[in-house]
Amino acid sequence: MKRSFFCFPVGSAGTFSAFLGGSFPGEVGISSVTRSPQSQGTTPTGRWELGINFDHIWQKTLTVLNPLKPADGSIMNETDLAGPVLFCVALGATLLLAGKVQFGYVYGMSAIGCLGIHTLLNLMSSSGVSCGCVASVLGYCLLPMVILSSGAIFFSLQGTVGTVLALVIIGWCSLSASKIFISALDMEGQQLLIAYPCALLYGLFALLTVF
């Protein structure tokens with residue numbers, strides 16, 4: 001049986017390299033097929049175009065987890081919805097694991113709460129604030145509520161201990177949100193006025209989690 005092989009003359013190395021996408025004129029090598037990460041589109045410009053900055057997301061998350069940490073107003077004033085959407089989905093998922101299908105209530109109350117807080121802040125602040133910024137701050141401050149709903153998976157919150165935990169989480173969320181708002185909008189001395197409506201909003205999420 002005759003076997004046929006593909007043969008390339010030596011002088012056609014440049015043609016063969018051009019066929020493989022290489023750029024060298026007289027040398028055949030497999031390494032020419034391998035492209036650099038920049039040519040394959042793996043540069044970080046994609047996530048920058050989507051508005052995703054993982055460093056800022058991490059800093060905002062740490063600011064929420066530590067209510068006593070001063071907030072950076074320049075970072076908090078950004079319209080970043082990657083973290084809030086993630087925390088909303090996490091809240092709905094943990095409630096689902098606890099046997100409560102509440103995705104619609106989570107999204108509905110989030111939308112109505114953002115519109116209400118946005119209207120209130122525009123009335124109280126002279127500089128004004130965008131609806132996306134309000135949604136970003138309120139969404140990041142849902143993180144303690146996700147912790148509470150995660151606890152509801154393992155034990156019932158309908159009792160004295162659950163009520164105390166829910167009140168602590170409500171205070172945690174509202175304190176973090178009001179701290180960020182007064183830092184981003186230069187509203188010193190008005191934290192309690194902002195924390196009260198935020199506490200009402202997060203209280204609704206706590207009711208979904210406990211009951």
# chains A, B, ... in the order shown; residues from 1 in each chain; ligands from 1
>>> residues_around(residues="stretch 98-112 of chain A", least_positions_apart="2", cutoff="9 Å", atoms="only C-alpha atoms", output="NGL selection string")
:A and (88-89 or 91-96 or 114-117 or 135 or 138-139 or 149-154 or 201 or 204-205 or 208-209)
>>> residues_around(residues="A:Asn66", least_positions_apart="2", cutoff="12 Å", atoms="only C-alpha atoms", output="VMD selection string")
chain A and resid 59 to 64 68 to 71 141 143 to 144 172 to 173 175 to 177 179 to 180
>>> closest_atom_pairs(of="stretch 118-148 of chain A", to="stretch 183-187 of chain A", cutoff="8 Å", atoms="only C-alpha atoms", output="CSV")
residue,atom,partner,partner_atom,distance
A:Ser125,CA,A:Leu185,CA,7.0
A:Ser127,CA,A:Leu185,CA,7.0
A:Gly128,CA,A:Leu185,CA,7.7
A:Val129,CA,A:Leu185,CA,7.6
>>> atom_distance(atom1="atom CA of A:Phe181", atom2="atom CA of A:Asn53")
20.2 Å
>>> atom_distance(atom1="atom CA of A:Val210", atom2="atom CA of A:Ile57")
28.1 Å
>>> atom_distance(atom1="atom CA of A:Gly162", atom2="atom CA of A:Val137")
25.7 Å
>>> closest_residue(among="A:Pro84, A:Phe211, A:Leu65, A:Gly171", to="A:Leu192", atoms="only C-alpha atoms")
A:Gly171
>>> closest_residue(among="A:Ile147, A:Cys198, A:Leu167, A:Ala206", to="A:His118", atoms="only C-alpha atoms")
A:Cys198
